[in-house]
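Colleague: Take a look at upload.tsv, TSV, C-alpha atoms:
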```tsv
chain	number	residue	atom	x	y	z
T	336	MET	CA	0.00	0.00	0.00
T	337	ASN	CA	1.45	3.35	-1.06
T	338	HIS	CA	0.73	6.46	1.03
T	339	ARG	CA	1.49	10.05	0.09
T	340	VAL	CA	3.31	11.59	3.03
T	341	ALA	CA	4.95	14.84	4.07
T	342	ARG	CA	8.60	14.64	5.13
T	343	LEU	CA	9.97	17.20	7.56
T	344	MET	CA	13.07	18.97	6.22
T	345	VAL	CA	14.78	21.75	8.18
T	346	ALA	CA	18.13	22.82	6.80
T	347	GLY	CA	20.92	23.55	9.26
T	348	LEU	CA	18.74	23.78	12.35
T	349	ALA	CA	18.44	21.16	15.08
T	350	LEU	CA	17.19	21.16	18.64
T	351	ALA	CA	19.79	20.28	21.27
T	352	TYR	CA	17.31	18.32	23.34
T	353	GLU	CA	18.27	16.39	26.45
T	354	ALA	CA	15.80	13.58	26.98
T	355	PRO	CA	14.33	13.10	30.47
T	356	ARG	CA	15.96	10.40	32.56
T	357	LEU	CA	14.15	7.10	32.46
T	358	THR	CA	14.64	3.82	34.27
T	359	ALA	CA	16.03	0.80	32.43
T	360	SER	CA	12.56	-0.75	32.31
T	361	GLU	CA	10.86	2.42	31.01
T	362	PRO	CA	11.50	3.11	27.29
T	363	PRO	CA	11.58	6.72	26.06
T	364	PRO	CA	8.11	7.85	24.95
T	365	PHE	CA	7.11	7.92	21.29
T	366	VAL	CA	5.46	11.33	21.77
T	367	GLU	CA	6.24	14.27	24.07
T	368	ILE	CA	4.38	17.57	24.40
T	369	LEU	CA	6.88	20.39	24.83
T	370	VAL	CA	6.29	23.86	26.28
T	371	ALA	CA	9.37	26.10	25.94
T	372	GLY	CA	11.34	22.96	25.10
T	373	THR	CA	10.35	21.15	28.30
T	374	PRO	CA	8.30	17.92	28.24
T	375	GLN	CA	4.98	18.30	30.05
T	376	SER	CA	4.17	15.90	32.88
T	377	ARG	CA	1.77	13.09	32.00
T	378	TYR	CA	-0.96	11.79	34.28
T	379	ALA	CA	-2.53	8.34	33.90
T	380	HIS	CA	-6.27	8.28	34.59
T	381	HIS	CA	-8.85	5.60	33.73
T	382	GLY	CA	-6.66	4.12	31.01
T	383	ARG	CA	-5.82	7.45	29.34
T	384	TRP	CA	-2.89	9.87	29.41
T	385	TYR	CA	-3.50	13.52	30.31
T	386	ILE	CA	-1.37	16.66	30.34
T	387	GLU	CA	-2.12	20.13	31.64
T	388	ALA	CA	-2.83	22.73	28.95
T	389	LEU	CA	-1.26	26.11	29.77
T	390	LYS	CA	-3.59	28.75	28.38
T	391	GLY	CA	-1.94	31.18	25.98
T	392	ARG	CA	1.29	29.19	25.74
T	393	GLU	CA	2.75	27.79	22.54
T	394	TYR	CA	3.59	24.11	22.47
T	395	ALA	CA	5.21	21.58	20.15
T	396	ILE	CA	4.88	17.84	19.59
T	397	GLN	CA	8.06	15.78	19.65
T	398	LEU	CA	7.95	12.48	17.76
T	399	ARG	CA	10.51	9.71	18.28
T	400	ASN	CA	11.03	6.72	16.00
T	401	PRO	CA	12.34	3.81	18.14
T	402	PHE	CA	12.45	1.41	15.20
T	403	GLY	CA	15.28	0.43	12.86
T	404	VAL	CA	13.21	1.33	9.79
T	405	ARG	CA	11.57	4.52	8.60
T	406	VAL	CA	8.10	5.30	9.93
T	407	ALA	CA	5.29	7.53	8.75
T	408	VAL	CA	3.32	9.19	11.55
T	409	ALA	CA	-0.27	10.34	11.18
T	410	LEU	CA	-0.46	13.24	13.62
T	411	SER	CA	-3.68	15.03	14.54
T	412	VAL	CA	-4.61	17.75	17.03
T	413	ASP	CA	-8.28	18.22	17.95
T	414	GLY	CA	-9.07	15.62	15.27
T	415	LEU	CA	-7.39	17.72	12.54
T	416	ASN	CA	-4.38	16.47	10.57
T	417	THR	CA	-1.42	18.73	11.40
T	418	ILE	CA	-0.40	18.81	7.70
T	419	ASP	CA	-3.67	19.62	5.93
T	420	ALA	CA	-6.31	19.94	8.73
T	421	ARG	CA	-8.42	17.19	7.18
T	422	GLN	CA	-10.42	14.65	9.19
T	423	THR	CA	-9.63	11.16	7.89
T	424	SER	CA	-8.62	7.74	9.15
T	425	ALA	CA	-5.01	7.33	10.28
T	426	THR	CA	-4.36	5.06	7.27
T	427	ASP	CA	-5.55	7.65	4.76
T	428	ALA	CA	-3.99	10.65	6.51
T	429	ARG	CA	-0.95	12.49	5.16
T	430	LYS	CA	1.96	11.71	7.45
T	431	TRP	CA	5.30	12.89	8.81
T	432	VAL	CA	8.28	10.67	7.89
T	433	LEU	CA	11.04	9.85	10.39
T	434	ASP	CA	14.26	7.98	9.65
T	435	PRO	CA	15.30	5.06	11.89
T	436	TYR	CA	15.71	6.23	15.52
T	437	GLN	CA	15.16	9.86	14.48
T	438	THR	CA	13.47	12.44	16.72
T	439	VAL	CA	11.71	15.47	15.21
T	440	THR	CA	9.64	18.30	16.62
T	441	ILE	CA	6.44	19.47	14.94
T	442	SER	CA	5.80	23.00	16.15
T	443	GLY	CA	2.60	23.92	14.34
T	444	TRP	CA	0.03	23.53	11.59
T	445	GLN	CA	1.71	23.17	8.19
T	446	THR	CA	0.22	25.98	6.07
T	447	SER	CA	2.47	25.72	3.00
T	448	ARG	CA	5.62	23.98	1.79
T	449	THR	CA	7.72	26.56	3.63
T	450	GLU	CA	5.70	27.79	6.63
T	451	ALA	CA	3.77	26.58	9.66
T	452	ARG	CA	1.63	28.33	12.29
T	453	ARG	CA	2.48	27.52	15.89
T	454	PHE	CA	0.32	25.31	18.12
T	455	GLU	CA	-1.11	27.36	20.98
T	456	PHE	CA	-3.22	26.31	23.95
T	457	THR	CA	-6.39	28.37	23.90
T	458	THR	CA	-10.13	28.06	24.49
T	459	GLU	CA	-12.61	26.25	22.25
T	460	GLU	CA	-14.04	29.61	21.18
T	461	ARG	CA	-10.65	30.85	19.91
T	462	SER	CA	-9.45	27.53	18.49
T	463	TYR	CA	-8.44	26.61	14.96
T	464	GLY	CA	-11.10	23.89	14.93
T	465	GLN	CA	-13.79	26.45	15.78
T	466	ALA	CA	-12.61	28.66	12.91
T	467	LEU	CA	-12.98	25.69	10.53
T	468	GLY	CA	-16.29	24.55	11.99
T	469	LYS	CA	-14.77	21.21	13.06
T	470	THR	CA	-15.44	20.99	16.79
T	471	ALA	CA	-16.13	17.32	17.56
T	472	ASN	CA	-12.67	16.30	18.81
T	473	PHE	CA	-11.30	19.09	20.98
T	474	GLY	CA	-8.68	18.23	23.60
T	475	VAL	CA	-6.90	15.25	22.04
T	476	ILE	CA	-3.52	14.78	20.38
T	477	SER	CA	-3.17	11.54	18.43
T	478	ALA	CA	-0.12	9.99	16.74
T	479	VAL	CA	-0.28	6.72	14.79
T	480	PHE	CA	3.02	5.16	13.67
T	481	PHE	CA	3.26	3.02	10.51
T	482	LYS	CA	6.50	1.17	9.65
T	483	GLU	CA	7.92	1.19	6.15
T	484	ARG	CA	7.38	-2.18	4.50
T	485	VAL	CA	10.67	-2.16	2.53
T	486	PRO	CA	13.39	-0.28	4.48
T	487	GLU	CA	15.75	2.00	2.60
T	488	VAL	CA	19.21	3.18	3.65
T	489	ARG	CA	19.02	6.94	4.01
T	490	THR	CA	20.94	9.68	5.76
T	491	ALA	CA	19.03	10.92	8.77
T	492	ASP	CA	17.90	14.54	8.45
T	493	GLN	CA	18.08	16.93	11.35
T	494	GLY	CA	14.41	17.77	11.76
T	495	ALA	CA	13.85	19.55	15.05
T	496	ARG	CA	13.67	23.27	15.74
T	497	SER	CA	14.46	25.09	18.94
T	498	GLN	CA	11.45	26.33	20.88
T	499	ALA	CA	11.25	29.94	22.07
T	500	ARG	CA	10.68	30.36	25.79
T	501	GLN	CA	7.41	32.08	26.61
T	502	PRO	CA	6.99	34.64	29.41
T	503	ALA	CA	5.47	33.44	32.66
T	504	ALA	CA	1.77	34.07	33.06
T	505	ALA	CA	0.77	37.04	35.19
T	506	PRO	CA	-1.21	36.45	38.40
T	507	ARG	CA	-4.96	36.35	37.81
T	508	SER	CA	-7.74	37.82	39.89
T	509	GLU	CA	-10.38	35.63	41.56
T	510	SER	CA	-12.98	36.61	38.94
T	511	MET	CA	-10.59	35.70	36.11
T	512	ALA	CA	-9.92	32.34	37.74
T	513	LYS	CA	-13.67	31.70	38.00
T	514	ARG	CA	-14.15	32.44	34.31
T	515	ALA	CA	-11.19	30.22	33.46
T	516	ALA	CA	-12.82	27.29	35.26
T	517	GLU	CA	-15.63	27.47	32.69
T	518	ASP	CA	-13.25	27.38	29.70
T	519	TYR	CA	-12.20	24.18	27.97
T	520	ALA	CA	-8.86	23.70	26.25
T	521	ALA	CA	-8.34	23.55	22.50
T	522	THR	CA	-5.53	24.44	20.10
T	523	GLY	CA	-5.27	27.69	18.18
T	524	MET	CA	-3.25	28.76	15.17
T	525	GLY	CA	-0.43	30.98	16.42
T	526	ARG	CA	2.41	32.93	14.88
T	527	ARG	CA	4.13	31.99	11.63
T	528	THR	CA	7.38	30.04	11.62
T	529	ASP	CA	9.66	28.69	8.86
T	530	HIS	CA	9.03	25.00	8.29
T	531	VAL	CA	10.08	23.56	4.90
T	532	VAL	CA	8.65	20.20	3.78
T	533	THR	CA	8.84	17.94	0.77
T	534	GLN	CA	6.71	14.97	-0.24
T	535	VAL	CA	7.83	11.37	-0.77
T	536	ARG	CA	6.15	7.99	-1.22
T	537	LEU	CA	6.53	5.05	1.12
T	538	ASN	CA	5.25	1.48	1.03
T	539	LEU	CA	3.81	1.13	4.53
T	540	GLU	CA	2.63	-1.80	6.58
T	541	ASP	CA	-1.15	-2.06	6.79
T	542	VAL	CA	-1.31	-2.32	10.59
T	543	PRO	CA	0.00	0.53	12.81
T	544	ALA	CA	3.11	-0.27	14.84
T	545	HIS	CA	2.07	2.04	17.68
T	546	THR	CA	-0.65	4.52	18.63
T	547	VAL	CA	-0.45	7.35	21.17
T	548	ASN	CA	-3.46	9.37	22.36
T	549	ILE	CA	-2.97	12.25	24.79
T	550	ARG	CA	-5.82	14.27	26.32
T	551	TYR	CA	-5.16	17.83	27.41
T	552	GLU	CA	-7.21	20.03	29.72
T	553	PHE	CA	-6.76	23.20	31.74
T	554	ARG	CA	-5.91	22.68	35.42
T	555	SER	CA	-9.46	23.37	36.63
T	556	GLN	CA	-10.81	20.51	34.47
T	557	LEU	CA	-8.00	18.17	35.59
T	558	VAL	CA	-9.07	18.92	39.17
T	559	GLN	CA	-12.72	18.18	38.34
T	560	LEU	CA	-11.69	14.85	36.80
T	561	GLY	CA	-9.74	13.96	39.95
T	562	ILE	CA	-6.40	13.91	38.13
T	563	LEU	CA	-4.86	16.85	40.02
T	564	PRO	CA	-5.58	17.87	43.63
T	565	ALA	CA	-7.67	20.95	44.26
T	566	ALA	CA	-5.87	24.06	45.43
T	567	PRO	CA	-6.36	24.95	49.12
T	568	VAL	CA	-9.40	27.13	49.67
T	569	HIS	CA	-8.59	30.39	51.45
T	570	ASP	CA	-11.64	31.65	53.34
T	571	PRO	CA	-11.16	35.30	54.40
T	572	LEU	CA	-13.88	34.97	57.03
T	573	GLN	CA	-12.15	32.03	58.74
T	574	ARG	CA	-8.89	34.01	58.73
T	575	ARG	CA	-10.65	36.89	60.45
T	576	GLU	CA	-12.20	34.52	63.02
T	577	ARG	CA	-8.66	33.52	64.08
T	578	ALA	CA	-7.65	37.14	64.70
T	579	ARG	CA	-6.42	38.19	68.18
T	580	GLY	CA	-6.33	41.57	69.88
T	581	PHE	CA	-2.80	41.71	71.34
T	582	GLU	CA	0.63	40.25	70.70
T	583	PRO	CA	3.68	40.67	72.98
T	584	GLY	CA	6.38	43.24	72.17
T	585	PHE	CA	6.46	46.74	70.69
T	586	ALA	CA	5.18	48.22	67.49
T	587	PRO	CA	7.68	47.51	64.67
T	588	VAL	CA	8.61	50.21	62.18
T	589	PRO	CA	8.28	49.11	58.52
T	590	PRO	CA	11.51	49.54	56.47
T	591	SER	CA	9.77	52.08	54.20
T	592	LEU	CA	9.11	54.35	57.18
T	593	ARG	CA	12.56	54.20	58.73
```
What is this file in structure tokens?

Modeller:
Amino acid sequence: MNHRVARLMVAGLALAYEAPRLTASEPPPFVEILVAGTPQSRYAHHGRWYIEALKGREYAIQLRNPFGVRVAVALSVDGLNTIDARQTSATDARKWVLDPYQTVTISGWQTSRTEARRFEFTTEERSYGQALGKTANFGVISAVFFKERVPEVRTADQGARSQARQPAAAPRSESMAKRAAEDYAATGMGRRTDHVVTQVRLNLEDVPAHTVNIRYEFRSQLVQLGILPAAPVHDPLQRRERARGFEPGFAPVPPSLR
């Protein structure tokens, strides 16, 4: 079976990425979600993997080929193919090609042969899927790996790009936090970035070698699902009930008044 695929080609640029330490019995993951170059923590819950979506932050998807042959990876975000935004089966999807043992980073939606638009955690209302009218599969990142049927000897391309660090989020007011609890995570189309691709043909195996599905939600939804603990509740009235009239000693002078 021949599949038309997209092969990631980035000339002269590679990400100096140090993989997280793993035990001898724990193989490196096929897929990592990176924010500012750092893999996001995964949480196992009811047979699924979850990560926390950081609203307003750009992210990238790192793919690793652990096999000794080339693979083609069907990669979707919110049910949309990251190459052409179509909704198809994994078999029929256009795919990213990785050489044996290669690791590449896909940083955004491929909008042309030379450019991509960065993945960005946002709300459903501001998402790329909402803009396209394709809203059935928000909150899931899926990667399906197909091995090449007849391996070829090729020189591995350097396919990863460095990720720009994003500024830390500013503190939010209580009303903003309440509104945020009612938002659900999705992926938007962010800023443009250079991302050159070319197309090749591969003869792929019919059955996928591996499938990874990752759900992402904002922290408030992860708390509701019981995946993360709730933040301590600070009750101003209880604090005032613990107030006392006198403490020993003298009145201190604040540094600003000295």

Colleague: Could you check which of T:Tyr519, T:Phe480, T:Phe456, T:Phe553 is closest to Ala425 of chain T, using only C-alpha atoms?

Modeller: T:Phe480

Colleague: Work out how far apart atom CA of Arg453 of chain T and atom CA of Val406 of chain T are and give it in Å to one decimal.

Modeller: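 According to the coordinates, atom CA of Arg453 of chain T and atom CA of Val406 of chain T are separated by 23.7 Å.
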
Colleague: Rank T:Ser447, T:Ser376, T:Ser462, T:Asn548 by their smallest atom-to-atom distance to Val479 of chain T, using all atoms listed in the file, and report the top residue only.

Modeller: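 Distance minimum relative to Val479 of chain T lands on T:Asn548.
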
Colleague: Could you check which of T:Tyr385, T:Phe581, T:Phe473, T:Tyr394 is closest to Arg452 of chain T, using all atoms listed in the file?

Modeller: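 Looking at the shortest contact to Arg452 of chain T, the residue is T:Tyr394.
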
Colleague: One decimal, Å: what's the distance from atom CA of Lys390 of chain T over to atom CA of Ala520 of chain T, could you say?

Modeller: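 Interatomic distance, atom CA of Lys390 of chain T to atom CA of Ala520 of chain T: 7.6 Å.
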
Colleague: Taking into account all atoms listed in the file, which residue in the set T:Leu467, T:Ala409, T:Leu539, T:Ile368 is nearest to Tyr551 of chain T?

Modeller: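 Nearest to Tyr551 of chain T: T:Ile368.
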
Colleague: Between atom CA of Arg554 of chain T and atom CA of Ala388 of chain T, measure the distance and give it in Å to one decimal.

Modeller: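 Straight-line distance from atom CA of Arg554 of chain T to atom CA of Ala388 of chain T works out to 7.2 Å.
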
Colleague: Show which residues sit within 12 Å of Arg421 of chain T, as JSON, numbers by chain. Count all atoms listed in the file, and ignore same-chain residues fewer than 2 positions away.

Modeller: {"T": [409, 410, 411, 412, 413, 414, 415, 416, 417, 418, 419, 423, 424, 425, 427, 428, 429, 430, 444, 445, 464, 467, 468, 469]}

Colleague: Based on the selection just made, write C-alpha atoms of those residues as a compact mmCIF listing (two decimals), keeping the file's coordinate frame.

Modeller:
```txt
# COMPACT_ATOMS: atom_id res chain seq x y z
CA ALA T 409 -0.27 10.34 11.18
CA LEU T 410 -0.46 13.24 13.62
CA SER T 411 -3.68 15.03 14.54
CA VAL T 412 -4.61 17.75 17.03
CA ASP T 413 -8.28 18.22 17.95
CA GLY T 414 -9.07 15.62 15.27
CA LEU T 415 -7.39 17.72 12.54
CA ASN T 416 -4.38 16.47 10.57
CA THR T 417 -1.42 18.73 11.40
CA ILE T 418 -0.40 18.81 7.70
CA ASP T 419 -3.67 19.62 5.93
CA THR T 423 -9.63 11.16 7.89
CA SER T 424 -8.62 7.74 9.15
CA ALA T 425 -5.01 7.33 10.28
CA ASP T 427 -5.55 7.65 4.76
CA ALA T 428 -3.99 10.65 6.51
CA ARG T 429 -0.95 12.49 5.16
CA LYS T 430 1.96 11.71 7.45
CA TRP T 444 0.03 23.53 11.59
CA GLN T 445 1.71 23.17 8.19
CA GLY T 464 -11.10 23.89 14.93
CA LEU T 467 -12.98 25.69 10.53
CA GLY T 468 -16.29 24.55 11.99
CA LYS T 469 -14.77 21.21 13.06
```

Colleague: Take the point (-0.6, -1.5, 13.0) as written in the file and pick out every residue within 9 Å of it, counting all atoms listed in the file; give the list as number ranges by chain.

Modeller: T: 479-482, 540-546

Colleague: Please produce an output containing C-alpha atoms for each residue in the selection, written as a PDB file, in the frame of the given file.

Modeller:
```
ATOM      1  CA  VAL T 479      -0.280   6.720  14.790  1.00  0.00           C
ATOM      2  CA  PHE T 480       3.020   5.160  13.670  1.00  0.00           C
ATOM      3  CA  PHE T 481       3.260   3.020  10.510  1.00  0.00           C
ATOM      4  CA  LYS T 482       6.500   1.170   9.650  1.00  0.00           C
ATOM      5  CA  GLU T 540       2.630  -1.800   6.580  1.00  0.00           C
ATOM      6  CA  ASP T 541      -1.150  -2.060   6.790  1.00  0.00           C
ATOM      7  CA  VAL T 542      -1.310  -2.320  10.590  1.00  0.00           C
ATOM      8  CA  PRO T 543       0.000   0.530  12.810  1.00  0.00           C
ATOM      9  CA  ALA T 544       3.110  -0.270  14.840  1.00  0.00           C
ATOM     10  CA  HIS T 545       2.070   2.040  17.680  1.00  0.00           C
ATOM     11  CA  THR T 546      -0.650   4.520  18.630  1.00  0.00           C
TER      12      THR T 546
END
```

Colleague: With only C-alpha atoms as the basis for distance, which of T:Gln375, T:Thr522, T:Ser591, T:Gln556 is at the shortest distance from Arg461 of chain T?

Modeller: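 Closest to Arg461 of chain T of all the choices is T:Thr522.
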
Colleague: Counting all atoms listed in the file, figure out which residue out of T:Val535, T:Val366, T:Ala466, T:Ala566 gets nearest to Ala420 of chain T.

Modeller: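 Checking each of T:Val535, T:Val366, T:Ala466, T:Ala566 against Ala420 of chain T, counting all atoms listed in the file, the winner is T:Ala466.
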